file structure-v7.txt (compact mmCIF, N, CA, C and O atoms)
# COMPACT_ATOMS: atom_id res chain seq x y z
N MET A 1 3.71 -8.75 13.43
CA MET A 1 2.34 -8.35 13.60
C MET A 1 1.50 -8.96 12.46
O MET A 1 1.96 -9.12 11.34
N GLU A 2 0.28 -9.26 12.78
CA GLU A 2 -0.60 -9.92 11.82
C GLU A 2 -0.81 -9.10 10.56
O GLU A 2 -0.89 -9.67 9.46
N TYR A 3 -0.91 -7.79 10.69
CA TYR A 3 -1.14 -6.97 9.51
C TYR A 3 0.01 -7.05 8.53
O TYR A 3 -0.19 -7.02 7.32
N LEU A 4 1.23 -7.15 9.03
CA LEU A 4 2.38 -7.28 8.12
C LEU A 4 2.34 -8.62 7.39
O LEU A 4 2.66 -8.69 6.21
N ARG A 5 1.93 -9.67 8.09
CA ARG A 5 1.77 -10.97 7.42
C ARG A 5 0.70 -10.90 6.34
O ARG A 5 0.87 -11.41 5.23
N ASP A 6 -0.41 -10.24 6.66
CA ASP A 6 -1.48 -10.07 5.67
C ASP A 6 -0.97 -9.25 4.48
O ASP A 6 -1.28 -9.57 3.33
N ALA A 7 -0.19 -8.22 4.77
CA ALA A 7 0.38 -7.39 3.70
C ALA A 7 1.26 -8.24 2.79
O ALA A 7 1.20 -8.12 1.56
N MET A 8 2.06 -9.11 3.38
CA MET A 8 2.93 -9.97 2.57
C MET A 8 2.11 -10.97 1.75
O MET A 8 2.48 -11.29 0.61
N ASP A 9 1.00 -11.45 2.31
CA ASP A 9 0.12 -12.34 1.54
C ASP A 9 -0.47 -11.61 0.33
O ASP A 9 -0.50 -12.17 -0.77
N PHE A 10 -0.92 -10.38 0.53
CA PHE A 10 -1.43 -9.59 -0.59
C PHE A 10 -0.32 -9.32 -1.61
O PHE A 10 -0.55 -9.35 -2.82
N ALA A 11 0.90 -9.05 -1.12
CA ALA A 11 2.02 -8.78 -2.02
C ALA A 11 2.32 -10.01 -2.88
O ALA A 11 2.54 -9.89 -4.09
N GLU A 12 2.32 -11.18 -2.27
CA GLU A 12 2.55 -12.40 -3.04
C GLU A 12 1.45 -12.62 -4.07
O GLU A 12 1.70 -13.01 -5.19
N ALA A 13 0.21 -12.35 -3.65
CA ALA A 13 -0.91 -12.49 -4.58
C ALA A 13 -0.77 -11.51 -5.74
O ALA A 13 -1.05 -11.86 -6.89
N ALA A 14 -0.32 -10.30 -5.45
CA ALA A 14 -0.15 -9.30 -6.51
C ALA A 14 0.90 -9.75 -7.52
O ALA A 14 0.74 -9.54 -8.72
N LYS A 15 1.94 -10.40 -7.05
CA LYS A 15 3.02 -10.82 -7.93
C LYS A 15 2.69 -12.10 -8.69
O LYS A 15 3.34 -12.40 -9.69
N SER A 16 1.71 -12.85 -8.22
CA SER A 16 1.48 -14.16 -8.82
C SER A 16 0.30 -14.22 -9.79
O SER A 16 0.12 -15.24 -10.45
N VAL A 17 -0.48 -13.17 -9.87
CA VAL A 17 -1.61 -13.19 -10.81
C VAL A 17 -1.24 -12.45 -12.08
O VAL A 17 -0.31 -11.66 -12.10
N GLU A 18 -1.99 -12.72 -13.12
CA GLU A 18 -1.71 -12.08 -14.41
C GLU A 18 -2.69 -10.97 -14.76
O GLU A 18 -2.36 -10.10 -15.56
N ALA A 19 -3.86 -10.98 -14.19
CA ALA A 19 -4.86 -9.95 -14.50
C ALA A 19 -4.41 -8.62 -13.89
O ALA A 19 -4.32 -8.49 -12.68
N PRO A 20 -4.11 -7.63 -14.73
CA PRO A 20 -3.58 -6.36 -14.23
C PRO A 20 -4.45 -5.69 -13.17
O PRO A 20 -3.93 -5.14 -12.20
N THR A 21 -5.76 -5.75 -13.31
CA THR A 21 -6.64 -5.14 -12.33
C THR A 21 -6.46 -5.78 -10.96
O THR A 21 -6.39 -5.10 -9.95
N VAL A 22 -6.33 -7.10 -10.93
CA VAL A 22 -6.15 -7.82 -9.67
C VAL A 22 -4.76 -7.54 -9.09
O VAL A 22 -4.60 -7.40 -7.88
N VAL A 23 -3.76 -7.42 -9.95
CA VAL A 23 -2.41 -7.06 -9.50
C VAL A 23 -2.46 -5.73 -8.76
O VAL A 23 -1.95 -5.60 -7.64
N ILE A 24 -3.08 -4.74 -9.38
CA ILE A 24 -3.16 -3.41 -8.79
C ILE A 24 -3.90 -3.44 -7.46
O ILE A 24 -3.45 -2.87 -6.46
N GLN A 25 -5.03 -4.10 -7.43
CA GLN A 25 -5.83 -4.12 -6.21
C GLN A 25 -5.10 -4.85 -5.08
O GLN A 25 -5.12 -4.40 -3.93
N ASN A 26 -4.42 -5.95 -5.38
CA ASN A 26 -3.66 -6.66 -4.35
C ASN A 26 -2.45 -5.84 -3.90
O ASN A 26 -2.12 -5.84 -2.71
N ALA A 27 -1.79 -5.16 -4.81
CA ALA A 27 -0.65 -4.32 -4.45
C ALA A 27 -1.09 -3.20 -3.52
O ALA A 27 -0.42 -2.91 -2.52
N PHE A 28 -2.21 -2.61 -3.83
CA PHE A 28 -2.72 -1.53 -2.97
C PHE A 28 -3.07 -2.06 -1.59
O PHE A 28 -2.72 -1.46 -0.57
N LYS A 29 -3.76 -3.19 -1.54
CA LYS A 29 -4.14 -3.74 -0.23
C LYS A 29 -2.90 -4.13 0.57
O LYS A 29 -2.88 -3.98 1.79
N ALA A 30 -1.86 -4.62 -0.09
CA ALA A 30 -0.62 -4.95 0.61
C ALA A 30 -0.05 -3.70 1.28
O ALA A 30 0.32 -3.72 2.46
N ALA A 31 0.00 -2.61 0.53
CA ALA A 31 0.53 -1.36 1.09
C ALA A 31 -0.34 -0.85 2.22
O ALA A 31 0.16 -0.43 3.27
N GLU A 32 -1.65 -0.88 2.02
CA GLU A 32 -2.55 -0.37 3.05
C GLU A 32 -2.47 -1.20 4.33
O GLU A 32 -2.41 -0.63 5.43
N PHE A 33 -2.41 -2.52 4.20
CA PHE A 33 -2.29 -3.35 5.39
C PHE A 33 -0.95 -3.12 6.09
O PHE A 33 -0.88 -3.13 7.31
N ALA A 34 0.10 -2.92 5.33
CA ALA A 34 1.42 -2.69 5.93
C ALA A 34 1.45 -1.39 6.73
O ALA A 34 2.21 -1.27 7.70
N LEU A 35 0.63 -0.44 6.36
CA LEU A 35 0.60 0.85 7.06
C LEU A 35 -0.18 0.81 8.37
O LEU A 35 -0.04 1.71 9.20
N LYS A 36 -0.96 -0.23 8.59
CA LYS A 36 -1.75 -0.31 9.82
C LYS A 36 -0.88 -0.26 11.08
O LYS A 36 -1.19 0.50 12.00
N PRO A 37 0.23 -1.01 11.16
CA PRO A 37 1.06 -0.92 12.37
C PRO A 37 1.71 0.46 12.54
O PRO A 37 1.98 0.88 13.67
N VAL A 38 1.94 1.14 11.45
CA VAL A 38 2.48 2.51 11.54
C VAL A 38 1.46 3.41 12.22
O VAL A 38 1.79 4.18 13.12
N ALA A 39 0.21 3.30 11.80
CA ALA A 39 -0.85 4.10 12.42
C ALA A 39 -0.96 3.77 13.90
O ALA A 39 -1.07 4.68 14.74
N TYR A 40 -0.90 2.49 14.25
CA TYR A 40 -1.00 2.08 15.66
C TYR A 40 0.14 2.66 16.48
O TYR A 40 -0.04 3.00 17.65
N LYS A 41 1.30 2.80 15.87
CA LYS A 41 2.46 3.38 16.56
C LYS A 41 2.15 4.81 17.01
O LYS A 41 2.70 5.27 18.00
N PHE A 42 1.26 5.48 16.30
CA PHE A 42 0.87 6.85 16.64
C PHE A 42 -0.46 6.90 17.38
O PHE A 42 -1.05 7.96 17.55
N GLY A 43 -0.95 5.74 17.81
CA GLY A 43 -2.21 5.69 18.53
C GLY A 43 -3.42 5.93 17.64
O GLY A 43 -4.46 6.35 18.12
N GLU A 44 -3.27 5.66 16.35
CA GLU A 44 -4.35 5.88 15.39
C GLU A 44 -4.76 4.55 14.76
O GLU A 44 -4.09 3.54 14.95
N ARG A 45 -5.85 4.59 14.01
CA ARG A 45 -6.30 3.42 13.26
C ARG A 45 -6.55 3.82 11.82
O ARG A 45 -6.86 4.97 11.54
N ILE A 46 -6.43 2.87 10.93
CA ILE A 46 -6.73 3.13 9.52
C ILE A 46 -8.13 2.63 9.24
O ILE A 46 -8.41 1.44 9.30
N ARG A 47 -9.01 3.59 9.00
CA ARG A 47 -10.41 3.28 8.69
C ARG A 47 -10.77 3.68 7.27
O ARG A 47 -11.86 3.40 6.80
N SER A 48 -9.85 4.39 6.62
CA SER A 48 -10.12 4.86 5.26
C SER A 48 -8.80 4.98 4.51
O SER A 48 -7.72 4.92 5.11
N HIS A 49 -8.90 5.19 3.22
CA HIS A 49 -7.69 5.39 2.42
C HIS A 49 -6.97 6.66 2.86
O HIS A 49 -5.75 6.73 2.84
N THR A 50 -7.72 7.66 3.29
CA THR A 50 -7.12 8.91 3.77
C THR A 50 -6.29 8.66 5.02
O THR A 50 -5.20 9.22 5.16
N ASP A 51 -6.78 7.82 5.92
CA ASP A 51 -6.01 7.48 7.12
C ASP A 51 -4.71 6.78 6.73
O ASP A 51 -3.65 7.04 7.32
N ALA A 52 -4.78 5.89 5.74
CA ALA A 52 -3.57 5.18 5.29
C ALA A 52 -2.59 6.17 4.67
O ALA A 52 -1.38 6.08 4.90
N LYS A 53 -3.09 7.11 3.89
CA LYS A 53 -2.23 8.11 3.27
C LYS A 53 -1.53 8.94 4.35
O LYS A 53 -0.34 9.23 4.25
N ARG A 54 -2.25 9.31 5.38
CA ARG A 54 -1.67 10.08 6.49
C ARG A 54 -0.55 9.28 7.17
O ARG A 54 0.51 9.81 7.47
N ALA A 55 -0.78 7.99 7.38
CA ALA A 55 0.25 7.15 8.00
C ALA A 55 1.48 7.06 7.11
O ALA A 55 2.61 7.11 7.60
N ALA A 56 1.28 6.95 5.80
CA ALA A 56 2.41 6.88 4.87
C ALA A 56 3.24 8.15 4.94
O ALA A 56 4.48 8.10 4.95
N HIS A 57 2.58 9.29 5.01
CA HIS A 57 3.30 10.58 5.09
C HIS A 57 4.05 10.71 6.41
O HIS A 57 5.05 11.43 6.47
N LYS A 58 3.60 10.03 7.46
CA LYS A 58 4.31 10.10 8.74
C LYS A 58 5.64 9.36 8.68
O LYS A 58 6.55 9.67 9.44
N ILE A 59 5.76 8.39 7.80
CA ILE A 59 7.05 7.71 7.62
C ILE A 59 8.03 8.69 7.02
O ILE A 59 9.09 8.94 7.57
N ASN A 60 7.68 9.22 5.86
CA ASN A 60 8.44 10.30 5.23
C ASN A 60 7.68 10.74 3.98
O ASN A 60 6.80 10.03 3.49
N PRO A 61 8.02 11.92 3.45
CA PRO A 61 7.28 12.44 2.29
C PRO A 61 7.35 11.53 1.06
O PRO A 61 6.38 11.43 0.30
N GLU A 62 8.47 10.86 0.86
CA GLU A 62 8.60 9.98 -0.30
C GLU A 62 7.62 8.81 -0.23
O GLU A 62 6.98 8.46 -1.22
N VAL A 63 7.48 8.21 0.94
CA VAL A 63 6.52 7.12 1.11
C VAL A 63 5.11 7.65 0.94
O VAL A 63 4.26 6.99 0.33
N GLY A 64 4.86 8.84 1.44
CA GLY A 64 3.55 9.46 1.26
C GLY A 64 3.21 9.65 -0.20
O GLY A 64 2.10 9.35 -0.64
N ARG A 65 4.18 10.14 -0.98
CA ARG A 65 3.95 10.33 -2.42
C ARG A 65 3.75 8.99 -3.12
O ARG A 65 2.89 8.85 -3.99
N ALA A 66 4.54 7.98 -2.73
CA ALA A 66 4.40 6.65 -3.34
C ALA A 66 3.01 6.08 -3.05
O ALA A 66 2.36 5.53 -3.95
N PHE A 67 2.54 6.23 -1.81
CA PHE A 67 1.22 5.72 -1.48
C PHE A 67 0.14 6.49 -2.23
O PHE A 67 -0.83 5.89 -2.74
N THR A 68 0.29 7.80 -2.33
CA THR A 68 -0.69 8.61 -3.05
C THR A 68 -0.76 8.19 -4.52
O THR A 68 -1.85 8.06 -5.08
N GLU A 69 0.39 7.95 -5.13
CA GLU A 69 0.40 7.49 -6.52
C GLU A 69 -0.25 6.11 -6.64
O GLU A 69 -1.04 5.86 -7.56
N LEU A 70 0.07 5.22 -5.70
CA LEU A 70 -0.54 3.90 -5.72
C LEU A 70 -2.05 3.99 -5.52
O LEU A 70 -2.81 3.27 -6.18
N LEU A 71 -2.50 4.88 -4.66
CA LEU A 71 -3.94 5.08 -4.46
C LEU A 71 -4.60 5.56 -5.75
O LEU A 71 -5.69 5.08 -6.12
N ASP A 72 -3.95 6.46 -6.47
CA ASP A 72 -4.49 6.93 -7.75
C ASP A 72 -4.57 5.78 -8.76
O ASP A 72 -5.56 5.66 -9.49
N ILE A 73 -3.55 4.95 -8.79
CA ILE A 73 -3.56 3.79 -9.69
C ILE A 73 -4.70 2.84 -9.30
O ILE A 73 -5.42 2.33 -10.15
N TYR A 74 -4.85 2.63 -7.99
CA TYR A 74 -5.92 1.76 -7.48
C TYR A 74 -7.29 2.28 -7.91
O TYR A 74 -8.12 1.53 -8.43
N HIS A 75 -7.53 3.58 -7.71
CA HIS A 75 -8.82 4.14 -8.12
C HIS A 75 -9.03 4.03 -9.62
O HIS A 75 -10.15 3.80 -10.08
N GLY A 76 -7.98 4.16 -10.39
CA GLY A 76 -8.08 4.04 -11.83
C GLY A 76 -8.17 2.61 -12.33
O GLY A 76 -8.46 2.37 -13.50
N SER A 77 -7.94 1.64 -11.45
CA SER A 77 -7.94 0.24 -11.88
C SER A 77 -9.30 -0.21 -12.38
O SER A 77 -9.41 -1.17 -13.14
N TYR A 78 -10.33 0.49 -11.99
CA TYR A 78 -11.67 0.11 -12.44
C TYR A 78 -11.91 0.51 -13.89
O TYR A 78 -12.89 0.10 -14.49
N ASP A 79 -11.00 1.31 -14.46
CA ASP A 79 -11.11 1.70 -15.87
C ASP A 79 -10.65 0.57 -16.79
O ASP A 79 -10.86 0.64 -17.99
N ARG A 80 -9.97 -0.41 -16.25
CA ARG A 80 -9.51 -1.60 -16.95
C ARG A 80 -8.48 -1.31 -18.05
O ARG A 80 -8.37 -2.02 -19.02
N LYS A 81 -7.70 -0.25 -17.88
CA LYS A 81 -6.58 0.06 -18.78
C LYS A 81 -5.31 -0.03 -17.93
O LYS A 81 -4.70 0.97 -17.62
N ASN A 82 -4.94 -1.23 -17.58
CA ASN A 82 -4.01 -1.39 -16.47
C ASN A 82 -2.67 -2.04 -16.76
O ASN A 82 -1.91 -2.28 -15.83
N GLY A 83 -2.34 -2.34 -17.99
CA GLY A 83 -1.10 -3.06 -18.26
C GLY A 83 0.13 -2.46 -17.63
O GLY A 83 0.78 -3.07 -16.79
N GLU A 84 0.50 -1.25 -18.02
CA GLU A 84 1.70 -0.60 -17.48
C GLU A 84 1.49 -0.17 -16.03
O GLU A 84 2.43 -0.16 -15.24
N ARG A 85 0.28 0.21 -15.69
CA ARG A 85 0.02 0.65 -14.32
C ARG A 85 0.19 -0.49 -13.33
O ARG A 85 0.58 -0.26 -12.19
N ALA A 86 -0.05 -1.71 -13.74
CA ALA A 86 0.15 -2.86 -12.84
C ALA A 86 1.63 -2.99 -12.48
O ALA A 86 1.97 -3.23 -11.32
N LYS A 87 2.51 -2.80 -13.46
CA LYS A 87 3.95 -2.86 -13.18
C LYS A 87 4.35 -1.76 -12.21
O LYS A 87 5.13 -1.99 -11.28
N ARG A 88 3.83 -0.58 -12.41
CA ARG A 88 4.15 0.54 -11.52
C ARG A 88 3.60 0.27 -10.13
O ARG A 88 4.24 0.60 -9.13
N ALA A 89 2.42 -0.31 -10.04
CA ALA A 89 1.83 -0.63 -8.73
C ALA A 89 2.72 -1.58 -7.95
O ALA A 89 2.92 -1.41 -6.74
N ILE A 90 3.29 -2.57 -8.62
CA ILE A 90 4.20 -3.52 -7.96
C ILE A 90 5.44 -2.79 -7.46
O ILE A 90 5.90 -3.02 -6.34
N GLU A 91 5.99 -1.89 -8.27
CA GLU A 91 7.16 -1.11 -7.85
C GLU A 91 6.86 -0.28 -6.62
O GLU A 91 7.64 -0.27 -5.64
N LEU A 92 5.74 0.44 -6.65
CA LEU A 92 5.36 1.29 -5.52
C LEU A 92 5.10 0.45 -4.28
O LEU A 92 5.51 0.82 -3.17
N MET A 93 4.40 -0.66 -4.44
CA MET A 93 4.12 -1.55 -3.31
C MET A 93 5.42 -1.99 -2.66
O MET A 93 5.56 -1.92 -1.44
N GLY A 94 6.38 -2.42 -3.47
CA GLY A 94 7.66 -2.86 -2.93
C GLY A 94 8.37 -1.77 -2.16
O GLY A 94 8.91 -2.01 -1.07
N ARG A 95 8.37 -0.56 -2.70
CA ARG A 95 9.01 0.57 -2.03
C ARG A 95 8.34 0.85 -0.69
O ARG A 95 9.01 1.05 0.33
N ILE A 96 7.02 0.85 -0.67
CA ILE A 96 6.28 1.13 0.56
C ILE A 96 6.52 0.04 1.59
O ILE A 96 6.80 0.33 2.76
N LEU A 97 6.45 -1.22 1.18
CA LEU A 97 6.67 -2.32 2.13
C LEU A 97 8.07 -2.27 2.72
O LEU A 97 8.25 -2.45 3.93
N ASP A 98 9.07 -2.00 1.89
CA ASP A 98 10.45 -1.89 2.39
C ASP A 98 10.58 -0.77 3.42
O ASP A 98 11.20 -0.95 4.47
N GLU A 99 10.00 0.38 3.11
CA GLU A 99 10.10 1.52 4.02
C GLU A 99 9.34 1.28 5.32
O GLU A 99 9.79 1.68 6.39
N VAL A 100 8.18 0.64 5.23
CA VAL A 100 7.41 0.33 6.44
C VAL A 100 8.21 -0.61 7.34
O VAL A 100 8.33 -0.38 8.55
N GLU A 101 8.79 -1.65 6.76
CA GLU A 101 9.58 -2.59 7.56
C GLU A 101 10.76 -1.87 8.22
O GLU A 101 11.03 -2.08 9.40
N ARG A 102 11.44 -1.04 7.46
CA ARG A 102 12.57 -0.27 8.00
C ARG A 102 12.11 0.67 9.12
O ARG A 102 12.73 0.77 10.17
N TYR A 103 10.98 1.32 8.89
CA TYR A 103 10.45 2.28 9.87
C TYR A 103 10.06 1.58 11.17
O TYR A 103 10.37 2.05 12.25
N LEU A 104 9.39 0.45 11.04
CA LEU A 104 8.94 -0.26 12.24
C LEU A 104 10.10 -0.91 13.00
O LEU A 104 9.99 -1.16 14.20
N ALA A 105 11.19 -1.16 12.32
CA ALA A 105 12.36 -1.78 12.97
C ALA A 105 13.12 -0.77 13.83
O ALA A 105 13.89 -1.17 14.71
N GLU A 106 12.90 0.52 13.60
CA GLU A 106 13.61 1.55 14.37
C GLU A 106 13.16 1.60 15.80
O GLU A 106 12.11 1.32 16.19
call {"tool": "encode", "arguments": {"input": "structure-v7.txt", "output": "structure tokens"}}
result
Amino acid sequence: MEYLRDAMDFAEAAKSVEAPTVVIQNAFKAAEFALKPVAYKFGERIRSHTDAKRAAHKINPEVGRAFTELLDIYHGSYDRKNGERAKRAIELMGRILDEVERYLAE
């Protein structure tokens, strides 16, 4: 699906830049785009971060918590204190993308 390809493009961008704020924002967008096919599976669409969070929780509570933490990091990225949070964002993004792929393969 196109959204998964877009998610992977954002994931690659997140891993290849050095600016922590951009890493966080790309990691978040990768996760959010990856959740779009999950929402479609339930006949829903993602129009907001809340919709994406709901889709993440439908996979399982752990993915929901990971997405919620990533969303908090994303909102905090505008504070520009992002060194360690960028690393955590990459970890969470990877976990979410792996779970989405596994979920959609079922």
call {"tool": "atom_distance", "arguments": {"input": "structure-v7.txt", "atom1": "atom CA of A:Ala89", "atom2": "atom CA of A:Ile24"}}
result
5.7 Å
call {"tool": "residues_around", "arguments": {"input": "structure-v7.txt", "residues": "stretch 16-19 of chain A", "least_positions_apart": "6", "cutoff": "12 Å", "atoms": "only C-alpha atoms", "output": "list in words"}}
result
Asp9, Phe10, Gln25, Asn26, Ala27, Ser77, Arg80, Lys81, Asn82, Gly83, Glu84, Arg85, Ala86, Lys87 and Ile90 of chain A
call {"tool": "residues_around", "arguments": {"input": "structure-v7.txt", "residues": "A:Ala39", "least_positions_apart": "3", "cutoff": "8 Å", "atoms": "all atoms listed in the file", "output": "ChimeraX atom specification"}}
result
/A:32-36,42-46,51-52,54-56
call {"tool": "atom_distance", "arguments": {"input": "structure-v7.txt", "atom1": "atom CA of A:Lys29", "atom2": "atom CA of A:Tyr103"}}
result
18.7 Å
call {"tool": "select_by_dssp", "arguments": {"input": "structure-v7.txt", "residues": "chain A", "states": "helix (DSSP H, G or I)", "output": "number ranges by chain"}}
result
A: 2-16, 20-41, 49-59, 61-79, 83-105
call {"tool": "atom_distance", "arguments": {"input": "structure-v7.txt", "atom1": "atom C of A:Lys58", "atom2": "atom O of A:Leu97"}}
result
13.0 Å
